[in-house]
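The file protein28.cif comes next; it holds mmCIF, C-alpha atoms and all ligand atoms.
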```cif
data_final
loop_
_atom_site.label_atom_id
_atom_site.label_comp_id
_atom_site.auth_asym_id
_atom_site.auth_seq_id
_atom_site.Cartn_x
_atom_site.Cartn_y
_atom_site.Cartn_z
CA LEU A 1 2.20 104.05 42.22
CA VAL A 2 1.86 106.26 45.29
CA GLN A 3 -0.45 108.61 43.43
CA ALA A 4 -2.26 105.81 41.62
CA LEU A 5 -3.15 104.25 44.96
CA GLY A 6 -4.34 107.57 46.30
CA LEU A 7 -1.52 107.33 48.78
CA THR A 8 -0.36 110.88 48.76
CA ALA A 9 -2.44 110.16 51.85
CA LEU A 10 -1.93 111.22 55.38
CA PRO A 11 -3.94 114.38 54.68
CA ARG A 12 -3.89 114.94 58.43
CA LEU A 13 -0.12 115.18 58.29
CA ALA A 14 0.27 116.84 54.96
CA GLY A 15 0.57 120.30 56.41
CA ALA A 16 3.00 119.29 59.14
CA ALA A 17 6.04 121.46 59.01
CA ALA A 18 9.38 119.84 58.33
CA PRO A 19 11.44 119.83 61.50
CA ALA A 20 13.98 122.58 61.78
CA ALA A 21 17.49 121.26 61.26
CA GLY A 22 19.02 120.04 64.47
CA ARG A 23 15.70 119.88 66.31
CA ALA A 24 15.57 116.10 66.38
CA ARG A 25 16.22 114.68 69.84
CA VAL A 26 16.12 111.06 68.73
CA THR A 27 17.12 109.64 65.37
CA LEU A 28 15.86 106.19 64.44
CA ARG A 29 17.82 104.60 61.60
CA LEU A 30 15.82 102.13 59.57
CA SER A 31 17.21 99.92 56.83
CA HIS A 32 15.42 97.64 54.39
CA VAL A 33 16.11 95.86 51.12
CA VAL A 34 13.20 96.70 48.81
CA ALA A 35 12.13 99.70 46.76
CA ARG A 36 10.26 102.63 48.28
CA GLU A 37 7.23 101.94 46.06
CA THR A 38 6.58 98.48 47.53
CA PRO A 39 4.07 97.73 50.32
CA LYS A 40 6.95 97.68 52.81
CA GLY A 41 8.60 100.81 51.46
CA LEU A 42 5.30 102.71 51.55
CA ALA A 43 4.32 101.54 55.04
CA LEU A 44 7.70 102.54 56.45
CA GLU A 45 7.53 105.92 54.75
CA ASN A 46 4.09 106.35 56.31
CA PHE A 47 5.63 105.47 59.70
CA ARG A 48 8.35 108.07 59.19
CA GLU A 49 5.76 110.76 58.49
CA ARG A 50 3.60 109.80 61.45
CA VAL A 51 6.51 109.81 63.89
CA GLN A 52 7.74 113.12 62.62
CA ALA A 53 4.29 114.73 62.90
CA ALA A 54 3.37 113.21 66.26
CA SER A 55 6.71 114.21 67.82
CA ASP A 56 6.73 117.60 66.11
CA GLY A 57 10.08 116.70 64.61
CA ALA A 58 11.71 115.66 67.87
CA ILE A 59 11.98 112.05 66.69
CA GLN A 60 13.39 111.65 63.25
CA VAL A 61 13.22 108.44 61.23
CA VAL A 62 15.90 108.04 58.58
CA ILE A 63 15.12 105.30 56.06
CA HIS A 64 17.72 103.55 53.90
CA PRO A 65 15.78 101.47 51.32
CA ASN A 66 16.87 99.07 48.58
CA SER A 67 19.85 97.48 50.40
CA LEU A 68 21.63 100.84 50.11
CA LEU A 69 23.02 100.66 53.63
CA TYR A 70 22.71 96.99 54.60
CA GLY A 71 21.56 93.92 52.70
CA ASP A 72 20.29 90.51 53.76
CA GLU A 73 23.81 89.35 54.49
CA ASP A 74 24.64 91.98 57.11
CA GLU A 75 21.51 93.78 58.33
CA MET A 76 20.84 91.50 61.31
CA GLN A 77 24.40 91.90 62.49
CA ALA A 78 24.13 95.67 62.03
CA LEU A 79 21.06 95.64 64.28
CA GLN A 80 22.82 93.55 66.92
CA LEU A 81 25.77 95.95 66.87
CA GLY A 82 23.60 99.05 67.01
CA ALA A 83 24.68 100.32 63.59
CA VAL A 84 21.01 100.52 62.65
CA ASP A 85 17.98 100.76 64.97
CA MET A 86 15.08 99.11 63.18
CA LEU A 87 14.69 96.48 60.46
CA ALA A 88 11.74 94.98 58.63
CA PRO A 89 13.09 91.65 57.33
CA SER A 90 10.83 89.12 55.71
CA LEU A 91 9.65 86.37 58.05
CA SER A 92 11.77 83.96 55.99
CA LYS A 93 14.95 85.63 57.24
CA PHE A 94 14.50 84.70 60.89
CA GLY A 95 15.15 80.96 60.41
CA PRO A 96 18.88 81.27 59.78
CA ILE A 97 19.41 83.48 62.85
CA GLY A 98 17.94 80.93 65.21
CA PHE A 99 14.16 81.15 64.81
CA PRO A 100 13.13 78.20 62.61
CA GLU A 101 9.57 78.62 63.93
CA PHE A 102 9.20 81.68 61.68
CA GLU A 103 9.52 79.37 58.68
CA LEU A 104 5.95 78.28 59.38
CA PHE A 105 4.96 81.27 57.25
CA ASP A 106 7.03 79.90 54.34
CA LEU A 107 5.13 76.62 54.09
CA PRO A 108 3.90 76.20 50.51
CA PHE A 109 0.15 76.24 49.94
CA LEU A 110 -0.60 76.83 53.62
CA PHE A 111 -2.68 79.99 53.27
CA ASP A 112 -5.51 80.71 50.86
CA ASP A 113 -5.70 84.44 51.51
CA THR A 114 -4.20 87.19 53.65
CA GLN A 115 -7.18 87.16 56.05
CA GLN A 116 -5.93 83.78 57.20
CA VAL A 117 -2.46 85.21 57.67
CA GLN A 118 -3.90 88.11 59.69
CA ARG A 119 -5.71 85.68 61.97
CA VAL A 120 -2.44 83.87 62.67
CA LYS A 121 -0.50 87.07 63.27
CA GLN A 122 -3.07 88.60 65.59
CA GLY A 123 -3.74 85.39 67.49
CA PRO A 124 -1.65 83.57 70.10
CA VAL A 125 0.63 81.86 67.54
CA GLY A 126 1.67 85.18 66.02
CA GLN A 127 2.22 86.75 69.42
CA GLU A 128 4.23 83.77 70.68
CA LEU A 129 6.47 83.98 67.64
CA LEU A 130 7.17 87.65 68.37
CA ALA A 131 7.95 86.78 71.99
CA LEU A 132 10.54 84.18 70.89
CA LEU A 133 12.69 87.01 69.53
CA ALA A 134 13.64 87.97 73.10
CA ARG A 135 16.00 84.95 72.98
CA GLN A 136 18.35 87.18 71.02
CA ARG A 137 17.40 90.44 72.71
CA LEU A 138 15.25 91.42 69.75
CA VAL A 139 11.86 93.05 70.18
CA GLY A 140 9.25 92.16 67.56
CA LEU A 141 7.00 95.20 67.15
CA GLY A 142 4.54 93.87 64.61
CA TYR A 143 3.85 92.25 61.29
CA LEU A 144 3.34 93.63 57.82
CA ASP A 145 2.03 92.00 54.65
CA ASN A 146 3.50 91.93 51.22
CA GLY A 147 1.50 89.21 49.51
CA PHE A 148 1.58 85.89 47.74
CA LYS A 149 4.63 84.78 45.78
CA HIS A 150 4.73 83.58 42.20
CA MET A 151 7.41 81.71 40.27
CA SER A 152 9.40 83.30 37.46
CA ALA A 153 11.97 82.03 34.95
CA ASN A 154 12.71 82.16 31.24
CA ARG A 155 10.02 79.55 30.74
CA PRO A 156 6.57 78.94 32.19
CA LEU A 157 6.57 77.05 35.51
CA LEU A 158 3.17 75.42 35.57
CA ALA A 159 3.91 71.82 36.53
CA PRO A 160 6.58 70.03 38.59
CA GLU A 161 8.28 68.86 35.35
CA ASP A 162 8.93 72.51 34.44
CA PHE A 163 11.11 72.98 37.52
CA VAL A 164 13.54 70.16 36.85
CA GLY A 165 17.11 71.46 36.87
CA LEU A 166 16.04 75.08 37.41
CA ARG A 167 18.53 77.04 39.52
CA ALA A 168 16.19 79.06 41.69
CA ARG A 169 17.21 82.02 43.82
CA ILE A 170 15.72 81.72 47.29
CA GLN A 171 15.89 83.48 50.62
CA ALA A 172 17.89 81.65 53.28
CA SER A 173 14.93 79.59 54.53
CA ARG A 174 15.21 75.82 54.80
CA VAL A 175 11.51 75.49 54.13
CA ILE A 176 11.82 77.38 50.84
CA ALA A 177 14.90 75.32 49.92
CA HIS A 178 12.93 72.13 50.58
CA GLN A 179 10.00 73.46 48.55
CA MET A 180 12.26 74.09 45.53
CA ARG A 181 13.94 70.70 45.81
CA ALA A 182 10.55 69.00 46.12
CA LEU A 183 9.63 70.59 42.78
CA GLY A 184 12.86 69.41 41.16
CA ALA A 185 14.65 72.78 41.20
CA ARG A 186 18.06 73.53 42.67
CA PRO A 187 17.78 76.25 45.35
CA VAL A 188 20.50 78.90 45.47
CA VAL A 189 20.52 81.25 48.45
CA LEU A 190 21.23 84.82 47.40
CA SER A 191 20.59 88.16 49.04
CA PHE A 192 17.67 90.10 47.62
CA GLY A 193 19.91 92.94 46.46
CA GLU A 194 21.92 90.53 44.29
CA THR A 195 18.97 88.76 42.72
CA ARG A 196 18.24 90.83 39.66
CA ARG A 197 21.89 90.88 38.67
CA ALA A 198 22.23 87.14 39.21
CA LEU A 199 19.21 86.52 36.98
CA ALA A 200 20.61 88.82 34.30
CA ALA A 201 23.99 87.05 34.42
CA ARG A 202 22.25 83.64 34.36
CA VAL A 203 23.89 82.68 37.63
CA VAL A 204 20.36 81.58 38.51
CA ASP A 205 17.49 80.83 36.15
CA GLY A 206 14.43 81.73 38.15
CA THR A 207 13.02 82.88 41.46
CA GLU A 208 9.85 83.53 43.49
CA ASN A 209 8.43 86.93 44.44
CA PRO A 210 5.25 88.83 45.06
CA VAL A 211 4.61 90.96 41.97
CA SER A 212 5.53 94.16 43.86
CA ASN A 213 9.11 92.97 44.39
CA PHE A 214 9.39 91.48 40.89
CA TRP A 215 8.23 94.69 39.23
CA THR A 216 10.06 97.28 41.36
CA GLN A 217 13.38 95.44 40.99
CA GLY A 218 12.99 95.36 37.22
CA MET A 219 13.04 91.58 37.14
CA HIS A 220 10.62 91.71 34.20
CA ARG A 221 13.61 92.78 32.11
CA VAL A 222 15.51 89.60 32.95
CA GLN A 223 12.72 86.99 33.20
CA THR A 224 10.50 86.17 30.24
CA ASP A 225 7.79 84.32 32.17
CA LEU A 226 5.91 84.87 35.40
CA SER A 227 3.62 82.00 36.45
CA LEU A 228 0.92 83.01 38.92
CA THR A 229 1.47 80.07 41.25
CA ARG A 230 0.46 81.94 44.42
CA HIS A 231 2.21 79.13 46.25
CA GLY A 232 3.49 80.92 49.33
CA TYR A 233 3.20 84.04 51.44
CA LEU A 234 5.73 86.85 51.98
CA GLY A 235 5.40 89.15 54.96
CA TYR A 236 7.59 91.02 57.41
CA CYS A 237 8.36 91.44 61.08
CA ILE A 238 9.47 94.83 62.38
CA VAL A 239 12.31 94.43 64.86
CA VAL A 240 14.45 96.60 67.11
CA HIS A 241 17.20 95.63 69.51
CA GLU A 242 16.25 95.54 73.15
CA ARG A 243 19.15 97.88 74.01
CA PHE A 244 17.89 100.62 71.69
CA TRP A 245 14.29 100.08 72.77
CA SER A 246 14.95 100.18 76.51
CA HIS A 247 17.05 103.34 76.25
CA LEU A 248 14.21 105.35 74.75
CA ALA A 249 12.19 107.59 77.05
CA PRO A 250 8.88 105.82 77.82
CA THR A 251 6.89 108.55 76.08
CA ASP A 252 9.03 108.26 72.92
CA ARG A 253 8.67 104.50 72.98
CA ALA A 254 4.91 104.78 73.26
CA LEU A 255 4.78 107.32 70.45
CA ILE A 256 6.87 105.12 68.14
CA GLN A 257 4.84 102.05 69.00
CA GLN A 258 1.56 103.83 68.31
CA ALA A 259 2.77 105.30 65.00
CA LEU A 260 4.08 101.92 63.92
CA ALA A 261 0.84 100.13 64.80
CA GLU A 262 -1.09 102.64 62.70
CA SER A 263 1.33 102.42 59.79
CA LEU A 264 1.34 98.63 59.79
CA ALA A 265 -2.46 98.55 59.83
CA TRP A 266 -2.47 101.01 56.95
CA GLY A 267 0.22 99.04 55.11
CA ASN A 268 -1.83 95.86 55.40
CA THR A 269 -4.76 97.61 53.75
CA ILE A 270 -2.75 98.73 50.69
CA ALA A 271 -0.47 95.71 50.15
CA GLN A 272 -2.87 93.73 48.01
CA ARG A 273 -3.77 96.78 45.93
CA ALA A 274 -0.10 97.62 45.38
CA ASN A 275 0.57 94.09 44.13
CA ASP A 276 -2.51 94.17 41.88
CA GLN A 277 -1.48 97.49 40.37
CA ASP A 278 2.04 96.25 39.75
CA LEU A 279 0.60 93.22 38.00
CA ASP A 280 -1.44 95.54 35.74
CA ALA A 281 1.70 97.56 35.03
CA LEU A 282 3.66 94.40 34.31
CA ARG A 283 1.01 93.17 31.89
CA ALA A 284 0.83 96.57 30.21
CA SER A 285 4.62 96.63 29.79
CA GLY A 286 4.42 93.46 27.69
CA ALA A 287 7.90 92.59 28.96
CA THR A 288 7.10 89.32 30.69
CA ARG A 289 4.50 86.74 29.73
CA VAL A 290 2.09 86.21 32.62
CA HIS A 291 0.58 82.74 33.00
CA ALA A 292 -2.47 81.91 35.08
CA LEU A 293 -2.68 78.42 36.58
CA ASP A 294 -5.88 76.47 36.78
CA ALA A 295 -6.98 74.57 39.88
CA VAL A 296 -5.60 71.27 38.62
CA GLN A 297 -2.17 72.75 37.92
CA ARG A 298 -2.01 74.33 41.38
CA GLN A 299 -3.11 71.07 42.94
CA ARG A 300 -0.22 69.24 41.25
CA LEU A 301 2.28 71.75 42.63
CA ARG A 302 0.68 71.50 46.05
CA HIS A 303 0.88 67.72 45.93
CA ALA A 304 4.55 67.81 44.91
CA THR A 305 5.44 69.99 47.91
CA ARG A 306 3.39 68.25 50.59
CA GLY A 307 6.50 66.70 52.19
CA VAL A 308 7.77 70.17 53.08
CA HIS A 309 5.26 70.44 55.92
CA GLU A 310 6.51 67.19 57.47
CA GLY A 311 10.09 68.36 57.01
CA LEU A 312 9.47 71.44 59.13
CA ALA A 313 7.45 69.44 61.66
CA ALA A 314 10.49 67.21 62.17
CA ARG A 315 12.56 70.28 63.04
CA ILE A 316 10.21 72.37 65.19
CA GLY A 317 7.56 69.84 66.24
CA GLU A 318 4.20 68.79 64.82
CA GLU A 319 2.42 70.91 67.42
CA TRP A 320 3.51 74.21 65.81
CA ILE A 321 2.21 73.10 62.41
CA ARG A 322 -1.06 71.93 63.91
CA ARG A 323 -1.55 75.21 65.77
CA MET A 324 -0.58 77.25 62.72
CA ARG A 325 -3.14 75.46 60.56
CA GLY A 326 -5.77 75.80 63.26
CA ALA A 327 -5.05 79.52 63.71
CA ALA A 328 -5.40 80.18 59.99
CA LEU A 329 -8.89 78.74 59.78
C1 LIG B 1 13.37 88.52 49.44
O1 LIG B 1 14.52 88.42 49.85
O2 LIG B 1 12.97 87.97 48.41
C2 LIG B 1 12.39 89.37 50.23
O3 LIG B 1 12.52 89.07 51.58
C3 LIG B 1 12.67 90.82 50.03
C4 LIG B 1 11.74 91.67 50.85
O4 LIG B 1 12.17 92.19 51.87
O5 LIG B 1 10.58 91.78 50.44
#
```

Take the structure I supplied and represent it as structure tokens, if you would.
Amino acid sequence: LVQALGLTALPRLAGAAAPAAGRARVTLRLSHVVARETPKGLALENFRERVQAASDGAIQVVIHPNSLLYGDEDEMQALQLGAVDMLAPSLSKFGPIGFPEFELFDLPFLFDDTQQVQRVKQGPVGQELLALLARQRLVGLGYLDNGFKHMSANRPLLAPEDFVGLRARIQASRVIAHQMRALGARPVVLSFGETRRALAARVVDGTENPVSNFWTQGMHRVQTDLSLTRHGYLGYCIVVHERFWSHLAPTDRALIQQALAESLAWGNTIAQRANDQDLDALRASGATRVHALDAVQRQRLRHATRGVHEGLAARIGEEWIRRMRGAAL
């Protein structure tokens, strides 16, 4: 995928010498739960290269992908304890740790395209959400896109009737749980790293993912049908703990911040392409049937989930929903 996207990229950095062993002054440990070939994996790899080049090897970024070091169940705690320095959890994972406002991004059928999401993130609503993280001494350094999620199972999921009784793996977001219940499914919270296995063992029957996550986890081998519902958005927030951040030398902090801003901007430009290419690969593999939905089918799903917006409004206030909708337009 990296080559296919022309992402051998960073020509500017390509010639940068690898740092001599032991030259690193600062090591930044970064953990995430997806594959290296995903939009998130690629953007973070890009960040690692930029930091290394800009600091001439004095700041080293060590990345642990694919839940190899920490998974959804323990990565936030690891960050709080200082066992890892930087995370890039999906926005859906901030609700359970005390930031239900982040579940605004999970609302079904809220966004039509990622330009709308960018407007929210770059505007006052996005910046206020980042600022909320200070409540738990977290510093939100920026946002990154994956893309729109689709539903998968061992049957097509094209209408609310198709969801009835489906045990659906979800992230620990109350909005996503409500969305699944509104469709007639039974939500089951599982960590991302466990999902493929749980689908294979039929512990759960279906799930929702952007194609990049579906494909790189090999879920096409354990799900016969992917329905292109495009019902919700998946993106990330890059976070560090305030203790780690404040102990960095100001010049190091500025360097990291600059490299990250550039890598996130770059990541946002390749995310859609990465998902499109994975969809082509999925189709070419012939492993999973891919179903397109027409406007009427999507409208029925949208209608079935409309109560989810009111559900979140009751928890965080109507004003947030109103501002979120306004910011997207
Ligand atoms: C999920 O748990 O489905 C996603 O948050 C995984 C990820 O980080 O993209």

Within-9 Å residues of ligand LIG 1 (chain B), basis only C-alpha atoms and all ligand atoms, as a compact mmCIF listing (two decimals) with C-alpha atoms, in the frame of the given file:
```
# COMPACT_ATOMS: atom_id res chain seq x y z
CA HIS A 32 15.42 97.64 54.39
CA VAL A 33 16.11 95.86 51.12
CA VAL A 34 13.20 96.70 48.81
CA ALA A 35 12.13 99.70 46.76
CA THR A 38 6.58 98.48 47.53
CA PRO A 39 4.07 97.73 50.32
CA LYS A 40 6.95 97.68 52.81
CA ASN A 66 16.87 99.07 48.58
CA ASP A 72 20.29 90.51 53.76
CA ALA A 88 11.74 94.98 58.63
CA PRO A 89 13.09 91.65 57.33
CA SER A 90 10.83 89.12 55.71
CA LEU A 91 9.65 86.37 58.05
CA SER A 92 11.77 83.96 55.99
CA LYS A 93 14.95 85.63 57.24
CA ASN A 146 3.50 91.93 51.22
CA ARG A 169 17.21 82.02 43.82
CA ILE A 170 15.72 81.72 47.29
CA GLN A 171 15.89 83.48 50.62
CA ALA A 172 17.89 81.65 53.28
CA LEU A 190 21.23 84.82 47.40
CA SER A 191 20.59 88.16 49.04
CA PHE A 192 17.67 90.10 47.62
CA GLY A 193 19.91 92.94 46.46
CA THR A 195 18.97 88.76 42.72
CA THR A 207 13.02 82.88 41.46
CA GLU A 208 9.85 83.53 43.49
CA ASN A 209 8.43 86.93 44.44
CA PRO A 210 5.25 88.83 45.06
CA SER A 212 5.53 94.16 43.86
CA ASN A 213 9.11 92.97 44.39
CA LEU A 234 5.73 86.85 51.98
CA GLY A 235 5.40 89.15 54.96
CA TYR A 236 7.59 91.02 57.41
```

Have a look at CA of Arg155 (chain A) and CA of Arg289 (chain A) and let me know their distance in Å, one decimal.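 Going from CA of Arg155 (chain A) over to CA of Arg289 (chain A), I get 9.1 Å.
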
Residue with smallest distance to Arg25 (chain A) - pool A:Ala168, A:Ala58, A:Val308, A:Val125, counting all atoms listed in the file: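 Closest residue, counting all atoms listed in the file: A:Ala58.
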
Would you mind reading off the distance between CA of His291 (chain A) and CA of Ser227 (chain A), one decimal, in Å?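 Calculated distance between CA of His291 (chain A) and CA of Ser227 (chain A) is 4.7 Å.
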
Which distance in Å separates CA of Leu144 (chain A) and CA of Ala43 (chain A), to one decimal?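 Straight-line distance from CA of Leu144 (chain A) to CA of Ala43 (chain A) works out to 8.4 Å.
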
So, counting only C-alpha atoms, which residue among A:Ala287, A:Leu260, A:Val117, A:Leu28 is closest to Gly142 (chain A)? A:Leu260

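Minimum atom-to-atom distances from A:Leu69, A:Ala271, A:Ile238, A:Leu44 to Ser31 (chain A) were compared using only C-alpha atoms, and the lowest value belongs to A:Leu69.
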
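Using only C-alpha atoms, the nearest neighbour of Val203 (chain A) within the list A:Gln258, A:Ile316, A:Thr27, A:Pro187 is A:Pro187.
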
Where atoms are lacking, region 168-184 of chain A completed to N, CA and C atoms, as an mmCIF file, keeping the file's coordinate frame:
```cif
data_model
loop_
_atom_site.group_PDB
_atom_site.id
_atom_site.type_symbol
_atom_site.label_atom_id
_atom_site.label_comp_id
_atom_site.auth_asym_id
_atom_site.auth_seq_id
_atom_site.Cartn_x
_atom_site.Cartn_y
_atom_site.Cartn_z
ATOM 1 N N ALA A 168 17.158 78.074 41.207
ATOM 2 C CA ALA A 168 16.190 79.060 41.690
ATOM 3 C C ALA A 168 16.747 79.856 42.855
ATOM 4 N N ARG A 169 16.800 81.171 42.693
ATOM 5 C CA ARG A 169 17.210 82.020 43.820
ATOM 6 C C ARG A 169 16.152 81.936 44.921
ATOM 7 N N ILE A 170 16.636 81.719 46.136
ATOM 8 C CA ILE A 170 15.720 81.720 47.290
ATOM 9 C C ILE A 170 16.314 82.553 48.414
ATOM 10 N N GLN A 171 15.445 82.908 49.362
ATOM 11 C CA GLN A 171 15.890 83.480 50.620
ATOM 12 C C GLN A 171 16.467 82.338 51.456
ATOM 13 N N ALA A 172 17.224 82.689 52.489
ATOM 14 C CA ALA A 172 17.890 81.650 53.280
ATOM 15 C C ALA A 172 16.916 80.973 54.234
ATOM 16 N N SER A 173 15.914 80.308 53.702
ATOM 17 C CA SER A 173 14.930 79.590 54.530
ATOM 18 C C SER A 173 14.980 78.128 54.127
ATOM 19 N N ARG A 174 15.117 77.254 55.119
ATOM 20 C CA ARG A 174 15.210 75.820 54.800
ATOM 21 C C ARG A 174 13.898 75.306 54.234
ATOM 22 N N VAL A 175 12.802 75.902 54.672
ATOM 23 C CA VAL A 175 11.510 75.490 54.130
ATOM 24 C C VAL A 175 11.424 75.819 52.635
ATOM 25 N N ILE A 176 11.887 77.005 52.267
ATOM 26 C CA ILE A 176 11.820 77.380 50.840
ATOM 27 C C ILE A 176 12.795 76.520 50.033
ATOM 28 N N ALA A 177 13.952 76.208 50.614
ATOM 29 C CA ALA A 177 14.900 75.320 49.920
ATOM 30 C C ALA A 177 14.251 73.958 49.671
ATOM 31 N N HIS A 178 13.594 73.444 50.699
ATOM 32 C CA HIS A 178 12.930 72.130 50.580
ATOM 33 C C HIS A 178 11.833 72.190 49.516
ATOM 34 N N GLN A 179 11.067 73.276 49.540
ATOM 35 C CA GLN A 179 10.000 73.460 48.550
ATOM 36 C C GLN A 179 10.562 73.383 47.121
ATOM 37 N N MET A 180 11.682 74.083 46.883
ATOM 38 C CA MET A 180 12.260 74.090 45.530
ATOM 39 C C MET A 180 12.781 72.711 45.152
ATOM 40 N N ARG A 181 13.429 72.043 46.113
ATOM 41 C CA ARG A 181 13.940 70.700 45.810
ATOM 42 C C ARG A 181 12.787 69.743 45.537
ATOM 43 N N ALA A 182 11.710 69.890 46.313
ATOM 44 C CA ALA A 182 10.550 69.000 46.120
ATOM 45 C C ALA A 182 9.973 69.162 44.709
ATOM 46 N N LEU A 183 10.137 70.346 44.137
ATOM 47 C CA LEU A 183 9.630 70.590 42.780
ATOM 48 C C LEU A 183 10.643 70.177 41.706
ATOM 49 N N GLY A 184 11.848 69.819 42.139
ATOM 50 C CA GLY A 184 12.860 69.410 41.160
ATOM 51 C C GLY A 184 13.860 70.501 40.831
#
```
